[in-house]
Amino acid sequence: MDAREKTRYRLADSIKKLMATTPLDRITVKEIADGCGVTRQTFYRNFADKYDLVNWYFEKLAQKSFKQMGVRLTLREGLLEKFTFLQAERSFFTQAFRSNDSNSLIQYDYECILKFYTGVITRKTGKPLEPDVAFLLEMYCRGSIYMTVEWAAGGMKLPPEKMADLLILALPPLLEKLLSDLQPA
């Protein structure tokens, strides 16, 4: 890990500690920087704002979970890793999903999964999404994010395995046909 990556993880650890007691929308960049002994300038050399930091940390999750579907993980395995990671970082992600900022994790997660699934389907079919598939995919992605937020805000009572299974059950038949056979390469 290079120095820049180490600094980013230090900033992530700082914001995670702050989010254990303070809503994300009320945390300042100064508090984040002070929490790990760096300057605000160092923060801004690494991130545009605190939401960018949260989204960067979430991207680390994405690289280990749903972006591995069809590469090294099945659809269920990717979702299971995502929910297991969210649960392991419960206080951080519960707070992150509560933010309604335009750069919030909710919007970022939606854009990530929509882009990922769109790519999977277009590679599989060899053509752009049909309008019906695009509609179903947008609806499914929005619904899955909503349910993920509800799960996080509600104390993550269901185990990750159950969340993964429910999201697979919620796939519209047309999407299930296009996504359910994702197997590791």
# chains A, B, ... in the order shown; residues from 1 in each chain; ligands from 1
call {"tool": "residues_around", "arguments": {"residues": "Ala96 in chain A", "least_positions_apart": "4", "cutoff": "7 Å", "atoms": "only C-alpha atoms", "output": "ChimeraX atom specification"}}
result
/A:24,92,105
call {"tool": "residues_around", "arguments": {"residues": "Lys177 in chain A", "least_positions_apart": "2", "cutoff": "12 Å", "atoms": "only C-alpha atoms", "output": "PyMOL selection string"}}
result
chain A and resi 121+124-125+133+168+171-175+179-182
call {"tool": "write_last_selection", "arguments": {"atoms": "N, CA and C atoms", "output": "PDB file, in the first residue's frame"}}
result
ATOM      1  N   ILE A 121     -25.100  -7.199 -18.329  1.00  0.00           N
ATOM      2  CA  ILE A 121     -26.147  -7.551 -19.294  1.00  0.00           C
ATOM      3  C   ILE A 121     -25.716  -7.209 -20.721  1.00  0.00           C
ATOM      4  N   LYS A 124     -23.232  -9.729 -21.885  1.00  0.00           N
ATOM      5  CA  LYS A 124     -23.873 -11.032 -22.100  1.00  0.00           C
ATOM      6  C   LYS A 124     -24.699 -11.042 -23.386  1.00  0.00           C
ATOM      7  N   THR A 125     -25.441  -9.966 -23.641  1.00  0.00           N
ATOM      8  CA  THR A 125     -26.322  -9.923 -24.816  1.00  0.00           C
ATOM      9  C   THR A 125     -25.627  -9.378 -26.054  1.00  0.00           C
ATOM     10  N   VAL A 133     -35.866  -3.795 -20.272  1.00  0.00           N
ATOM     11  CA  VAL A 133     -34.814  -4.281 -19.367  1.00  0.00           C
ATOM     12  C   VAL A 133     -34.235  -3.103 -18.580  1.00  0.00           C
ATOM     13  N   ILE A 168     -32.184 -11.701  -4.400  1.00  0.00           N
ATOM     14  CA  ILE A 168     -32.252 -12.578  -5.570  1.00  0.00           C
ATOM     15  C   ILE A 168     -33.708 -12.941  -5.863  1.00  0.00           C
ATOM     16  N   LEU A 171     -35.653 -10.303  -7.857  1.00  0.00           N
ATOM     17  CA  LEU A 171     -35.337 -10.027  -9.264  1.00  0.00           C
ATOM     18  C   LEU A 171     -36.558 -10.265 -10.148  1.00  0.00           C
ATOM     19  N   PRO A 172     -36.932  -9.299 -10.983  1.00  0.00           N
ATOM     20  CA  PRO A 172     -37.986  -9.553 -11.965  1.00  0.00           C
ATOM     21  C   PRO A 172     -37.538 -10.708 -12.879  1.00  0.00           C
ATOM     22  N   PRO A 173     -38.468 -11.549 -13.341  1.00  0.00           N
ATOM     23  CA  PRO A 173     -38.095 -12.723 -14.143  1.00  0.00           C
ATOM     24  C   PRO A 173     -37.144 -12.428 -15.303  1.00  0.00           C
ATOM     25  N   LEU A 174     -37.359 -11.333 -16.008  1.00  0.00           N
ATOM     26  CA  LEU A 174     -36.482 -11.002 -17.129  1.00  0.00           C
ATOM     27  C   LEU A 174     -35.051 -10.734 -16.663  1.00  0.00           C
ATOM     28  N   LEU A 175     -34.905 -10.040 -15.538  1.00  0.00           N
ATOM     29  CA  LEU A 175     -33.564  -9.785 -14.998  1.00  0.00           C
ATOM     30  C   LEU A 175     -32.958 -11.053 -14.416  1.00  0.00           C
ATOM     31  N   LEU A 179     -29.277 -12.415 -15.151  1.00  0.00           N
ATOM     32  CA  LEU A 179     -28.261 -12.302 -14.098  1.00  0.00           C
ATOM     33  C   LEU A 179     -28.035 -13.559 -13.264  1.00  0.00           C
ATOM     34  N   SER A 180     -29.013 -14.441 -13.207  1.00  0.00           N
ATOM     35  CA  SER A 180     -28.931 -15.548 -12.254  1.00  0.00           C
ATOM     36  C   SER A 180     -27.832 -16.547 -12.568  1.00  0.00           C
ATOM     37  N   ASP A 181     -27.372 -16.607 -13.791  1.00  0.00           N
ATOM     38  CA  ASP A 181     -26.333 -17.582 -14.106  1.00  0.00           C
ATOM     39  C   ASP A 181     -24.921 -17.009 -14.007  1.00  0.00           C
ATOM     40  N   LEU A 182     -24.775 -15.874 -13.332  1.00  0.00           N
ATOM     41  CA  LEU A 182     -23.436 -15.318 -13.144  1.00  0.00           C
ATOM     42  C   LEU A 182     -22.604 -16.306 -12.354  1.00  0.00           C
TER      43      LEU A 182
END
call {"tool": "residues_around", "arguments": {"residues": "Tyr117 in chain A", "least_positions_apart": "3", "cutoff": "9 Å", "atoms": "only C-alpha atoms", "output": "PyMOL selection string"}}
result
chain A and resi 112-114+120-122+137+141+179
call {"tool": "write_last_selection", "arguments": {"atoms": "N, CA, C and O atoms", "output": "short mmCIF file (atom, residue, chain, number, x, y, z; two decimals), in the first residue's frame"}}
result
data_model
loop_
_atom_site.label_atom_id
_atom_site.label_comp_id
_atom_site.auth_asym_id
_atom_site.auth_seq_id
_atom_site.Cartn_x
_atom_site.Cartn_y
_atom_site.Cartn_z
N CYS A 112 -23.41 2.72 -8.77
CA CYS A 112 -22.47 1.60 -8.91
C CYS A 112 -23.16 0.33 -9.36
O CYS A 112 -22.71 -0.32 -10.30
N ILE A 113 -24.25 -0.02 -8.68
CA ILE A 113 -24.87 -1.30 -9.05
C ILE A 113 -25.58 -1.21 -10.39
O ILE A 113 -25.56 -2.17 -11.15
N LEU A 114 -26.17 -0.06 -10.70
CA LEU A 114 -26.80 0.09 -12.01
C LEU A 114 -25.76 -0.04 -13.12
O LEU A 114 -25.97 -0.77 -14.10
N VAL A 120 -22.83 -6.02 -17.16
CA VAL A 120 -22.97 -7.47 -17.21
C VAL A 120 -23.95 -7.87 -18.32
O VAL A 120 -23.68 -8.75 -19.14
N ILE A 121 -25.10 -7.20 -18.33
CA ILE A 121 -26.15 -7.55 -19.29
C ILE A 121 -25.72 -7.21 -20.72
O ILE A 121 -25.92 -8.01 -21.64
N THR A 122 -25.10 -6.06 -20.92
CA THR A 122 -24.69 -5.69 -22.29
C THR A 122 -23.57 -6.61 -22.79
O THR A 122 -23.55 -6.95 -23.98
N LEU A 137 -34.32 -2.85 -14.61
CA LEU A 137 -33.05 -2.78 -13.91
C LEU A 137 -32.99 -1.54 -13.01
O LEU A 137 -32.57 -1.63 -11.86
N CYS A 141 -32.68 -1.86 -9.02
CA CYS A 141 -31.54 -1.25 -8.31
C CYS A 141 -32.02 -0.25 -7.26
O CYS A 141 -31.52 -0.23 -6.13
N LEU A 179 -29.28 -12.41 -15.15
CA LEU A 179 -28.26 -12.30 -14.10
C LEU A 179 -28.03 -13.56 -13.26
O LEU A 179 -26.99 -13.71 -12.66
#
call {"tool": "residues_around", "arguments": {"residues": "Arg4 in chain A", "least_positions_apart": "3", "cutoff": "8 Å", "atoms": "only C-alpha atoms", "output": "PDB file with all heavy atoms, in the first residue's frame"}}
result
ATOM      1  N   THR A   7      -2.870   7.153   3.773  1.00  0.00           N
ATOM      2  CA  THR A   7      -3.522   8.387   4.240  1.00  0.00           C
ATOM      3  C   THR A   7      -5.033   8.270   4.083  1.00  0.00           C
ATOM      4  O   THR A   7      -5.790   8.646   4.984  1.00  0.00           O
ATOM      5  CB  THR A   7      -2.997   9.609   3.460  1.00  0.00           C
ATOM      6  OG1 THR A   7      -1.589   9.726   3.704  1.00  0.00           O
ATOM      7  CG2 THR A   7      -3.700  10.889   3.881  1.00  0.00           C
ATOM      8  N   ARG A   8      -5.473   7.743   2.969  1.00  0.00           N
ATOM      9  CA  ARG A   8      -6.913   7.586   2.736  1.00  0.00           C
ATOM     10  C   ARG A   8      -7.542   6.668   3.783  1.00  0.00           C
ATOM     11  O   ARG A   8      -8.622   6.953   4.291  1.00  0.00           O
ATOM     12  CB  ARG A   8      -7.165   7.063   1.327  1.00  0.00           C
ATOM     13  CG  ARG A   8      -6.922   8.121   0.278  1.00  0.00           C
ATOM     14  CD  ARG A   8      -7.078   7.597  -1.125  1.00  0.00           C
ATOM     15  NE  ARG A   8      -7.193   8.735  -2.012  1.00  0.00           N
ATOM     16  CZ  ARG A   8      -8.029   8.803  -3.025  1.00  0.00           C
ATOM     17  NH1 ARG A   8      -8.804   7.789  -3.316  1.00  0.00           N
ATOM     18  NH2 ARG A   8      -8.087   9.880  -3.766  1.00  0.00           N
ATOM     19  N   ASN A  46      -6.882  14.419  -1.174  1.00  0.00           N
ATOM     20  CA  ASN A  46      -7.335  13.038  -1.331  1.00  0.00           C
ATOM     21  C   ASN A  46      -8.811  12.907  -1.683  1.00  0.00           C
ATOM     22  O   ASN A  46      -9.202  11.960  -2.364  1.00  0.00           O
ATOM     23  CB  ASN A  46      -7.041  12.254  -0.039  1.00  0.00           C
ATOM     24  CG  ASN A  46      -5.585  11.948   0.102  1.00  0.00           C
ATOM     25  OD1 ASN A  46      -5.103  10.989  -0.459  1.00  0.00           O
ATOM     26  ND2 ASN A  46      -4.852  12.792   0.829  1.00  0.00           N
TER      27      ASN A  46
END
call {"tool": "closest_residue", "arguments": {"among": "A:Pro159, A:Glu5, A:Tyr110, A:Asn100", "to": "Glu138 in chain A", "atoms": "only C-alpha atoms"}}
result
A:Tyr110
call {"tool": "residues_around", "arguments": {"residues": "Ala152 in chain A", "least_positions_apart": "6", "cutoff": "9 Å", "atoms": "only C-alpha atoms", "output": "PDB file with N, CA, C and O atoms, in the first residue's frame"}}
result
ATOM      1  N   LEU A  86     -20.952  -4.796   5.042  1.00  0.00           N
ATOM      2  CA  LEU A  86     -21.769  -3.730   5.636  1.00  0.00           C
ATOM      3  C   LEU A  86     -22.010  -4.008   7.117  1.00  0.00           C
ATOM      4  O   LEU A  86     -21.920  -3.107   7.950  1.00  0.00           O
ATOM      5  N   GLN A  87     -22.316  -5.261   7.432  1.00  0.00           N
ATOM      6  CA  GLN A  87     -22.588  -5.624   8.823  1.00  0.00           C
ATOM      7  C   GLN A  87     -21.331  -5.502   9.685  1.00  0.00           C
ATOM      8  O   GLN A  87     -21.405  -5.055  10.832  1.00  0.00           O
ATOM      9  N   ARG A  90     -20.925  -1.909  10.727  1.00  0.00           N
ATOM     10  CA  ARG A  90     -22.305  -1.510  11.021  1.00  0.00           C
ATOM     11  C   ARG A  90     -22.477  -0.022  11.332  1.00  0.00           C
ATOM     12  O   ARG A  90     -23.285   0.647  10.714  1.00  0.00           O
ATOM     13  N   SER A  91     -21.754   0.516  12.303  1.00  0.00           N
ATOM     14  CA  SER A  91     -21.998   1.908  12.701  1.00  0.00           C
ATOM     15  C   SER A  91     -21.652   2.870  11.564  1.00  0.00           C
ATOM     16  O   SER A  91     -22.373   3.839  11.324  1.00  0.00           O
ATOM     17  N   PHE A  93     -21.701   2.280   8.192  1.00  0.00           N
ATOM     18  CA  PHE A  93     -22.654   2.240   7.089  1.00  0.00           C
ATOM     19  C   PHE A  93     -24.064   2.636   7.511  1.00  0.00           C
ATOM     20  O   PHE A  93     -24.803   3.215   6.717  1.00  0.00           O
ATOM     21  N   THR A  94     -24.427   2.379   8.753  1.00  0.00           N
ATOM     22  CA  THR A  94     -25.734   2.840   9.223  1.00  0.00           C
ATOM     23  C   THR A  94     -25.799   4.353   9.146  1.00  0.00           C
ATOM     24  O   THR A  94     -26.777   4.925   8.643  1.00  0.00           O
ATOM     25  N   GLN A  95     -24.757   5.026   9.612  1.00  0.00           N
ATOM     26  CA  GLN A  95     -24.710   6.488   9.541  1.00  0.00           C
ATOM     27  C   GLN A  95     -24.605   6.972   8.091  1.00  0.00           C
ATOM     28  O   GLN A  95     -25.259   7.939   7.703  1.00  0.00           O
ATOM     29  N   PHE A  97     -25.657   5.626   5.340  1.00  0.00           N
ATOM     30  CA  PHE A  97     -26.917   5.480   4.610  1.00  0.00           C
ATOM     31  C   PHE A  97     -27.998   6.445   5.102  1.00  0.00           C
ATOM     32  O   PHE A  97     -29.009   6.615   4.444  1.00  0.00           O
ATOM     33  N   ARG A  98     -27.786   7.076   6.226  1.00  0.00           N
ATOM     34  CA  ARG A  98     -28.770   8.054   6.734  1.00  0.00           C
ATOM     35  C   ARG A  98     -28.635   9.422   6.081  1.00  0.00           C
ATOM     36  O   ARG A  98     -29.537  10.243   6.177  1.00  0.00           O
TER      37      ARG A  98
END
call {"tool": "select_by_dssp", "arguments": {"residues": "range 25-182 of chain A", "states": "helix (DSSP H, G or I)", "output": "PyMOL selection string"}}
result
chain A and resi 25-26+29-35+40-46+50-64+66-68+75-88+90-98+105-125+131-153+160-169+173-179
call {"tool": "closest_residue", "arguments": {"among": "A:Ala20, A:Leu11, A:Leu136, A:Met147", "to": "Leu53 in chain A", "atoms": "only C-alpha atoms"}}
result
A:Leu11
call {"tool": "residues_around", "arguments": {"residues": "Ala170 in chain A", "least_positions_apart": "6", "cutoff": "9 Å", "atoms": "only C-alpha atoms", "output": "VMD selection string"}}
result
chain A and resid 140 144 176
call {"tool": "write_last_selection", "arguments": {"atoms": "N, CA and C atoms", "output": "CSV table (one decimal), in the first residue's frame"}}
result
chain,number,residue,atom,x,y,z
A,140,TYR,N,-35.3,-2.3,-10.1
A,140,TYR,CA,-34.7,-3.2,-9.2
A,140,TYR,C,-33.5,-2.6,-8.4
A,144,SER,N,-33.5,-2.3,-4.4
A,144,SER,CA,-32.5,-3.0,-3.6
A,144,SER,C,-31.7,-2.0,-2.7
A,176,GLU,N,-33.8,-11.8,-13.8
A,176,GLU,CA,-33.3,-13.1,-13.2
A,176,GLU,C,-32.7,-14.0,-14.3
call {"tool": "closest_residue", "arguments": {"among": "A:Phe116, A:Phe83, A:Phe135, A:Tyr108", "to": "Trp151 in chain A", "atoms": "only C-alpha atoms"}}
result
A:Phe83
call {"tool": "atom_distance", "arguments": {"atom1": "CA of Phe85 in chain A", "atom2": "CA of Leu178 in chain A"}}
result
25.7 Å
